[in-house]
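Colleague: You'll find upload-v1.cif just under this line, and it carries mmCIF, C-alpha atoms.
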```cif
data_upload
loop_
_atom_site.label_atom_id
_atom_site.label_comp_id
_atom_site.auth_asym_id
_atom_site.auth_seq_id
_atom_site.Cartn_x
_atom_site.Cartn_y
_atom_site.Cartn_z
CA MET O 29 25.29 -12.94 20.76
CA LYS O 30 22.37 -13.21 18.30
CA THR O 31 23.31 -12.41 14.71
CA ILE O 32 21.19 -10.58 12.14
CA LEU O 33 21.73 -10.55 8.38
CA ALA O 34 20.88 -7.09 6.98
CA VAL O 35 20.35 -7.07 3.21
CA ASP O 36 19.97 -3.73 1.43
CA ASP O 37 21.54 -2.16 -1.66
CA SER O 38 21.63 1.27 0.01
CA GLY O 39 24.89 1.79 1.87
CA SER O 40 23.45 4.48 4.15
CA LEU O 41 20.50 2.26 5.08
CA ARG O 42 22.83 -0.67 5.92
CA GLN O 43 24.90 1.70 8.04
CA MET O 44 21.82 2.87 9.97
CA LEU O 45 20.59 -0.72 10.45
CA SER O 46 23.98 -1.87 11.64
CA PHE O 47 24.32 1.09 14.02
CA SER O 48 20.85 0.54 15.52
CA LEU O 49 21.08 -3.25 15.90
CA LYS O 50 24.63 -3.25 17.28
CA ALA O 51 23.61 -0.60 19.83
CA ALA O 52 20.87 -3.01 20.93
CA GLY O 53 23.44 -5.79 21.43
CA TYR O 54 23.09 -7.81 18.21
CA GLY O 55 25.79 -8.90 15.80
CA VAL O 56 25.20 -7.73 12.24
CA ILE O 57 26.28 -9.19 8.90
CA GLU O 58 25.68 -6.83 5.96
CA ALA O 59 24.86 -7.86 2.40
CA ILE O 60 24.53 -5.56 -0.61
CA ASP O 61 21.81 -7.47 -2.51
CA GLY O 62 19.82 -10.70 -2.53
CA GLU O 63 22.58 -12.81 -4.03
CA ASP O 64 25.18 -11.52 -1.56
CA GLY O 65 22.66 -12.13 1.23
CA LEU O 66 22.08 -15.71 0.11
CA ASN O 67 25.83 -16.41 -0.03
CA LYS O 68 26.36 -14.98 3.44
CA ALA O 69 23.38 -16.91 4.80
CA LYS O 70 24.95 -20.13 3.45
CA GLN O 71 28.29 -19.36 5.10
CA GLN O 72 26.73 -18.82 8.53
CA THR O 73 23.21 -19.53 9.79
CA VAL O 74 21.96 -16.30 11.32
CA ASP O 75 19.19 -15.78 13.89
CA LEU O 76 17.13 -13.29 11.85
CA VAL O 77 17.14 -11.86 8.34
CA LEU O 78 16.11 -8.29 7.49
CA THR O 79 15.82 -7.65 3.79
CA ASP O 80 14.90 -4.89 1.38
CA GLN O 81 12.61 -5.75 -1.56
CA ASN O 82 13.85 -3.69 -4.51
CA MET O 83 17.48 -4.49 -5.17
CA PRO O 84 19.46 -5.03 -8.38
CA GLY O 85 19.72 -8.70 -9.33
CA MET O 86 18.00 -10.88 -6.75
CA ASP O 87 15.19 -9.01 -4.99
CA GLY O 88 13.87 -9.53 -1.46
CA LEU O 89 11.04 -11.90 -2.39
CA SER O 90 13.41 -14.16 -4.37
CA LEU O 91 15.84 -14.14 -1.45
CA ILE O 92 13.11 -15.20 0.98
CA LYS O 93 12.03 -18.06 -1.31
CA ALA O 94 15.63 -19.22 -1.69
CA LEU O 95 16.20 -19.10 2.09
CA ARG O 96 12.97 -20.93 2.89
CA ALA O 97 14.07 -23.70 0.52
CA MET O 98 17.14 -24.27 2.74
CA LYS O 99 16.65 -26.65 5.65
CA ASN O 100 18.36 -24.42 8.24
CA TYR O 101 16.28 -21.36 7.30
CA GLN O 102 12.80 -22.84 7.49
CA SER O 103 12.08 -21.37 10.90
CA VAL O 104 14.45 -18.40 11.03
CA PRO O 105 12.43 -15.14 11.24
CA ILE O 106 12.64 -13.07 8.07
CA LEU O 107 11.46 -9.46 8.00
CA MET O 108 10.94 -7.27 4.95
CA LEU O 109 12.15 -3.67 5.34
CA THR O 110 11.10 -1.73 2.27
CA THR O 111 9.65 1.51 0.91
CA GLU O 112 6.74 -0.50 -0.50
CA SER O 113 3.51 -0.74 1.46
CA GLY O 114 0.93 -2.07 -0.99
CA ASP O 115 -1.36 -4.91 0.10
CA ASP O 116 -0.51 -6.99 -3.00
CA ILE O 117 3.21 -7.00 -2.41
CA LYS O 118 2.72 -7.64 1.31
CA ALA O 119 0.61 -10.68 0.44
CA MET O 120 3.38 -11.88 -1.88
CA GLY O 121 5.91 -11.43 0.92
CA ARG O 122 3.76 -13.39 3.31
CA ALA O 123 3.27 -16.17 0.77
CA ALA O 124 7.04 -16.30 0.16
CA GLY O 125 7.62 -16.88 3.87
CA ALA O 126 8.23 -13.45 5.42
CA ASN O 127 7.30 -13.12 9.11
CA GLY O 128 6.70 -9.40 9.02
CA TRP O 129 6.65 -6.22 6.97
CA LEU O 130 8.35 -2.99 8.02
CA VAL O 131 7.89 0.16 5.96
CA LYS O 132 10.86 2.55 5.62
CA PRO O 133 12.03 4.78 7.14
CA PHE O 134 12.46 2.70 10.30
CA ASP O 135 12.57 3.96 13.86
CA PRO O 136 15.48 2.25 15.69
CA THR O 137 13.52 1.76 18.93
CA ARG O 138 10.53 0.18 17.20
CA LEU O 139 12.80 -1.97 15.03
CA THR O 140 14.73 -3.36 17.97
CA GLU O 141 11.46 -4.00 19.85
CA VAL O 142 10.24 -6.16 16.95
CA VAL O 143 13.58 -7.97 16.68
CA LYS O 144 13.61 -8.59 20.43
CA LYS O 145 10.08 -9.97 20.26
CA LEU O 146 11.15 -12.45 17.58
CA ILE O 147 14.59 -13.61 18.75
CA GLY O 148 14.99 -12.22 22.21
CA MET S 5 -5.47 2.35 -50.95
CA LEU S 6 -5.44 3.60 -47.38
CA SER S 7 -8.92 5.11 -47.36
CA GLN S 8 -11.36 7.08 -49.41
CA GLU S 9 -10.09 10.38 -47.99
CA SER S 10 -7.89 12.50 -50.25
CA ALA S 11 -4.12 12.12 -49.85
CA PRO S 12 -3.51 15.62 -48.36
CA ASP S 13 -6.30 15.03 -45.82
CA LEU S 14 -4.85 11.68 -44.85
CA MET S 15 -1.39 13.16 -44.59
CA GLU S 16 -2.69 15.88 -42.30
CA THR S 17 -4.50 13.29 -40.16
CA GLN S 18 -1.37 11.16 -39.83
CA VAL S 19 0.86 14.11 -38.99
CA MET S 20 -1.64 15.26 -36.40
CA ARG S 21 -1.84 11.74 -34.95
CA LEU S 22 1.93 11.55 -34.69
CA LEU S 23 2.28 14.99 -33.10
CA SER S 24 -0.55 14.25 -30.71
CA GLY S 25 1.05 10.92 -29.75
CA VAL S 26 4.44 12.53 -29.10
CA SER S 27 2.83 15.32 -27.11
CA THR S 28 0.69 12.96 -24.99
CA HIS S 29 3.52 10.54 -24.25
CA GLY S 30 5.96 13.39 -23.60
CA ASP S 31 3.45 14.93 -21.19
CA GLN S 32 2.98 11.62 -19.37
CA HIS S 33 6.71 11.15 -18.81
CA LEU S 34 7.24 14.76 -17.75
CA ALA S 35 4.25 14.62 -15.38
CA GLU S 36 5.76 11.53 -13.70
CA VAL S 37 9.15 13.26 -13.42
CA GLU S 38 7.47 16.36 -11.97
CA ARG S 39 5.55 14.24 -9.43
CA ASP S 40 8.76 12.48 -8.33
CA LEU S 41 10.64 15.78 -8.04
CA VAL S 42 7.92 17.26 -5.82
CA GLN S 43 7.88 14.12 -3.65
CA MET S 44 11.68 14.17 -3.41
CA ASP S 45 11.66 17.84 -2.45
CA VAL S 46 9.21 17.13 0.40
CA LEU S 47 11.26 14.14 1.64
CA LEU S 48 14.55 16.06 1.49
CA ASN S 49 13.09 19.11 3.25
CA GLU S 50 11.64 16.98 6.05
CA ALA S 51 14.83 14.95 6.37
CA ILE S 52 17.02 18.04 6.62
CA LYS S 53 14.67 19.67 9.18
CA LYS S 54 14.67 16.46 11.21
CA LEU S 55 18.44 16.12 11.05
CA CYS S 56 19.02 19.78 12.00
CA ALA S 57 16.60 19.49 14.94
CA SER S 58 18.24 16.25 16.10
CA PHE S 59 21.72 17.72 15.79
CA MET S 60 20.80 20.82 17.82
CA ALA S 61 18.99 18.73 20.45
CA ILE S 62 21.93 16.33 20.82
CA HIS S 63 24.31 19.29 21.12
CA HIS S 64 22.12 20.88 23.82
CA ALA S 65 21.76 17.62 25.77
CA ILE S 66 25.51 17.01 25.67
CA ASP S 67 26.12 20.56 26.99
CA LEU S 68 23.78 19.88 29.91
CA GLN S 69 25.44 16.52 30.49
CA GLN S 70 28.85 18.19 30.63
CA GLU S 71 27.58 20.81 33.12
CA THR S 72 26.15 18.08 35.35
CA LEU S 73 29.41 16.11 35.17
CA LYS S 74 31.45 19.24 36.02
CA SER S 75 29.21 19.94 38.97
CA MET S 76 29.52 16.33 40.16
CA LEU S 77 33.29 16.44 39.86
CA SER S 78 33.51 19.73 41.80
CA THR S 79 31.51 18.38 44.73
CA GLY S 80 33.40 15.07 44.75
CA LYS S 81 30.35 12.96 45.45
CA PRO S 82 27.38 12.75 43.10
CA ALA S 83 24.04 13.71 44.58
CA PRO S 84 21.10 11.38 43.73
CA GLU S 85 19.42 14.14 41.71
CA GLN S 86 22.59 14.62 39.67
CA ALA S 87 22.74 10.91 38.87
CA ALA S 88 19.05 11.00 37.91
CA ARG S 89 19.68 14.05 35.74
CA LEU S 90 22.49 12.22 33.92
CA GLU S 91 20.22 9.23 33.30
CA THR S 92 17.48 11.50 31.91
CA LEU S 93 19.99 13.19 29.61
CA ARG S 94 21.28 9.81 28.43
CA GLU S 95 17.73 8.80 27.49
CA GLU S 96 17.11 12.14 25.75
CA ILE S 97 20.27 11.79 23.69
CA GLY S 98 19.21 8.26 22.72
CA GLN S 99 15.84 9.55 21.50
CA HIS S 100 17.44 12.32 19.43
CA VAL S 101 19.95 9.90 17.91
CA GLY S 102 17.02 7.61 17.02
CA ALA S 103 15.24 10.49 15.28
CA ALA S 104 18.44 11.29 13.38
CA VAL S 105 18.72 7.64 12.28
CA THR S 106 15.19 7.87 10.83
CA GLY S 107 16.03 11.16 9.08
CA LEU S 108 19.27 9.82 7.63
CA GLN S 109 17.35 7.22 5.62
CA PHE S 110 16.28 9.85 3.06
CA GLN S 111 19.04 8.81 0.64
CA ASP S 112 17.51 5.36 0.12
CA MET S 113 14.13 6.78 -0.91
CA THR S 114 15.37 9.73 -2.93
CA SER S 115 17.80 7.54 -4.89
CA GLN S 116 14.87 5.27 -5.89
CA LEU S 117 12.89 8.34 -7.02
CA ILE S 118 15.89 9.61 -8.98
CA GLY S 119 16.24 6.17 -10.61
CA ARG S 120 12.60 6.31 -11.73
CA MET S 121 12.98 9.83 -13.11
CA VAL S 122 16.04 8.71 -15.08
CA GLN S 123 13.97 5.88 -16.59
CA HIS S 124 11.22 8.31 -17.58
CA LEU S 125 13.71 10.69 -19.14
CA ALA S 126 15.29 7.77 -21.01
CA GLY S 127 11.78 6.86 -22.21
CA LEU S 128 11.29 10.39 -23.46
CA ARG S 129 14.64 10.23 -25.24
CA ASP S 130 13.54 6.95 -26.88
CA VAL S 131 10.33 8.59 -28.11
CA PHE S 132 12.31 11.41 -29.69
CA GLY S 133 14.83 8.83 -30.92
CA GLU S 134 12.06 7.07 -32.81
CA LEU S 135 11.25 10.35 -34.53
CA GLY S 136 14.93 10.92 -35.32
CA THR S 137 15.71 7.49 -36.73
CA ASN S 138 12.54 7.56 -38.83
CA GLY S 139 12.85 11.21 -39.73
CA ALA S 140 14.10 13.24 -42.66
CA ALA S 141 16.76 10.77 -43.79
CA ASP S 142 14.13 8.10 -44.46
CA LEU S 143 11.53 10.33 -46.08
CA PRO S 144 10.20 8.79 -49.28
CA GLU S 145 11.25 10.82 -52.30
CA SER S 146 7.75 10.86 -53.70
CA GLY S 147 4.34 9.38 -53.18
CA SER S 148 2.08 10.52 -50.42
CA GLU S 149 0.90 6.96 -49.86
CA GLU S 150 4.45 5.87 -48.83
CA MET S 151 4.63 8.93 -46.60
CA LEU S 152 1.36 7.97 -44.94
CA VAL S 153 2.58 4.44 -44.35
CA MET S 154 5.78 5.80 -42.82
CA LEU S 155 3.96 8.23 -40.53
CA ASN S 156 1.64 5.46 -39.44
CA ARG S 157 4.63 3.23 -38.64
CA ILE S 158 6.34 5.97 -36.61
CA SER S 159 3.16 6.61 -34.63
CA ASP S 160 2.84 2.91 -33.86
CA ARG S 161 6.48 2.68 -32.72
CA VAL S 162 6.17 5.77 -30.51
CA GLY S 163 3.04 4.24 -28.96
CA ALA S 164 4.78 0.89 -28.47
CA ARG S 165 7.81 2.51 -26.76
CA CYS S 166 5.52 4.32 -24.33
CA SER S 167 3.52 1.19 -23.56
CA GLU S 168 6.76 -0.74 -22.87
CA LEU S 169 7.88 1.92 -20.42
CA ALA S 170 4.53 2.18 -18.66
CA GLY S 171 4.75 -1.56 -17.96
CA THR S 172 8.23 -1.44 -16.44
CA VAL S 173 8.40 1.81 -14.45
CA ARG S 174 6.22 1.70 -11.37
CA SER S 175 6.62 3.75 -8.24
CA THR S 176 8.10 1.81 -5.35
CA VAL S 177 8.27 4.79 -3.00
CA ASN S 178 4.94 5.62 -1.38
CA GLN S 179 6.31 7.82 1.40
CA ARG S 180 5.07 11.40 1.52
CA HIS S 181 6.87 12.27 4.75
CA MET S 182 9.86 11.21 6.82
CA GLU S 183 8.00 9.75 9.82
CA SER S 184 8.80 6.10 10.52
CA GLY S 185 6.68 3.57 8.62
CA ASP S 186 4.16 0.92 9.72
CA ILE S 187 5.16 -2.44 11.15
CA GLU S 188 3.07 -5.55 10.57
CA LEU S 189 3.93 -9.00 11.88
CA PHE S 190 2.33 -11.92 10.03
#
```
Is it possible to give me this structure as structure tokens?
Modeller:
Amino acid sequence: MKTILAVDDSGSLRQMLSFSLKAAGYGVIEAIDGEDGLNKAKQQTVDLVLTDQNMPGMDGLSLIKALRAMKNYQSVPILMLTTESGDDIKAMGRAAGANGWLVKPFDPTRLTEVVKKLIG
Amino acid sequence: MLSQESAPDLMETQVMRLLSGVSTHGDQHLAEVERDLVQMDVLLNEAIKKLCASFMAIHHAIDLQQETLKSMLSTGKPAPEQAARLETLREEIGQHVGAAVTGLQFQDMTSQLIGRMVQHLAGLRDVFGELGTNGAADLPESGSEEMLVMLNRISDRVGARCSELAGTVRSTVNQRHMESGDIELF
């Protein structure tokens, strides 16, 4: 089973992500912020990372940079899932190493289609 | 000497500058709070409508599913159209659950808006705080020149507080409705 790391400081959002991805047959590891996400990513290499941008402590962009600096995360797909949709911040996400940008709120069907496209 | 204007004139100018500064900065913070409240109201209204509609639709689909199952059980052998009906209902329920999942994400956005409003209100409190800490207790006993210097200092601090806040509080929630957002793969 493919495993996805879902990083978001909102408990309800993590619950919705977990519900949607598990229903589509993926395993989900939840993390409450960037630092927690980084620790969990070190414990187990996952197949895809979905992260929020604005979180207390380590934000999404910092998490992506930290993950891309790790050997086993250089080619793992990382998607941003955030309320932000400005071109500047998207460009920063792309430069940091994100593979895609999803604007909240997400639609479960469209989300799982994108995930399937990236990791099968 | 501060200027060639008379002391009462200067005093009046400084007091007016201070009041105008407080009023302008207060207005800016309150306008931002008002904007966020309106946006939050729209998001909450749409989310609740969406959730109510999804709940009713799921309830209706499950009722129909139950009727079809009862009918299948009574005949003993499912007819092809009954099996097809069950499959259609399963898909319908899935779509309604998906819509509910989108609607349930309102908390994430509204909590960010609330956080921003709290920061603006804290900024407003700081502005008034500057007036309080530099207020009556610190008034010079005499000398309009000292008074002018003090008023000038308060105005500068109020302005500085507002500039600090403007640099740190930006809106991270652009959503004006509860439809699902765009997806872009790089």
Colleague: Go through S:Arg39, S:His100, S:His124, S:His29 one by one, measure the shortest atom-to-atom distance of each to chain O using all atoms listed in the file, and give the residue with the smallest value.
Modeller: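 Looking only at the distances to chain O, the closest residue turns out to be S:His100.
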Colleague: Going by the chain IDs and residue numbers used in this file, which residues fall under the PyMOL selection byres ((chain O) within 9 of (chain S))? Write them as a ChimeraX atom specification.
Modeller: /O:37-41,44-45,47-48,82,107,110-114,122,126-139,142
Colleague: Can you spit out the residues from that selection as an mmCIF file, keeping the file's coordinate frame, using C-alpha atoms?
Modeller:
```cif
data_model
loop_
_atom_site.group_PDB
_atom_site.id
_atom_site.type_symbol
_atom_site.label_atom_id
_atom_site.label_comp_id
_atom_site.auth_asym_id
_atom_site.auth_seq_id
_atom_site.Cartn_x
_atom_site.Cartn_y
_atom_site.Cartn_z
ATOM 1 C CA ASP O 37 21.540 -2.160 -1.660
ATOM 2 C CA SER O 38 21.630 1.270 0.010
ATOM 3 C CA GLY O 39 24.890 1.790 1.870
ATOM 4 C CA SER O 40 23.450 4.480 4.150
ATOM 5 C CA LEU O 41 20.500 2.260 5.080
ATOM 6 C CA MET O 44 21.820 2.870 9.970
ATOM 7 C CA LEU O 45 20.590 -0.720 10.450
ATOM 8 C CA PHE O 47 24.320 1.090 14.020
ATOM 9 C CA SER O 48 20.850 0.540 15.520
ATOM 10 C CA ASN O 82 13.850 -3.690 -4.510
ATOM 11 C CA LEU O 107 11.460 -9.460 8.000
ATOM 12 C CA THR O 110 11.100 -1.730 2.270
ATOM 13 C CA THR O 111 9.650 1.510 0.910
ATOM 14 C CA GLU O 112 6.740 -0.500 -0.500
ATOM 15 C CA SER O 113 3.510 -0.740 1.460
ATOM 16 C CA GLY O 114 0.930 -2.070 -0.990
ATOM 17 C CA ARG O 122 3.760 -13.390 3.310
ATOM 18 C CA ALA O 126 8.230 -13.450 5.420
ATOM 19 C CA ASN O 127 7.300 -13.120 9.110
ATOM 20 C CA GLY O 128 6.700 -9.400 9.020
ATOM 21 C CA TRP O 129 6.650 -6.220 6.970
ATOM 22 C CA LEU O 130 8.350 -2.990 8.020
ATOM 23 C CA VAL O 131 7.890 0.160 5.960
ATOM 24 C CA LYS O 132 10.860 2.550 5.620
ATOM 25 C CA PRO O 133 12.030 4.780 7.140
ATOM 26 C CA PHE O 134 12.460 2.700 10.300
ATOM 27 C CA ASP O 135 12.570 3.960 13.860
ATOM 28 C CA PRO O 136 15.480 2.250 15.690
ATOM 29 C CA THR O 137 13.520 1.760 18.930
ATOM 30 C CA ARG O 138 10.530 0.180 17.200
ATOM 31 C CA LEU O 139 12.800 -1.970 15.030
ATOM 32 C CA VAL O 142 10.240 -6.160 16.950
#
```
Colleague: Between O:Met83, O:Val77, O:Ser46, O:Met120, which is the closest to O:Ile147 once you count all atoms listed in the file?
Modeller: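 Nearest candidate to O:Ile147 out of O:Met83, O:Val77, O:Ser46, O:Met120: O:Val77.
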Colleague: Just to confirm, what's the straight-line distance from atom CA of S:Met151 to atom CA of S:Ala126 in Å (one decimal)?
Modeller: 27.7 Å
Colleague: One decimal, Å: what's the distance from atom CA of O:Gly148 over to atom CA of O:Gly65, could you say?
Modeller: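 It comes out at 22.3 Å.
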Colleague: Excluding O:Gly53 and any residue of its chain fewer than 5 positions from it, enumerate the residues within 10 Å of it, using only C-alpha atoms, and give them as a ChimeraX atom specification.
Modeller: /O:29-31,48,140
Colleague: Which residues come within 9 Å of S:Ile62, counting only C-alpha atoms, excluding same-chain residues fewer than 3 positions away, as an NGL selection string?
Modeller: :S and (57-59 or 65-67 or 96-98 or 100-101)
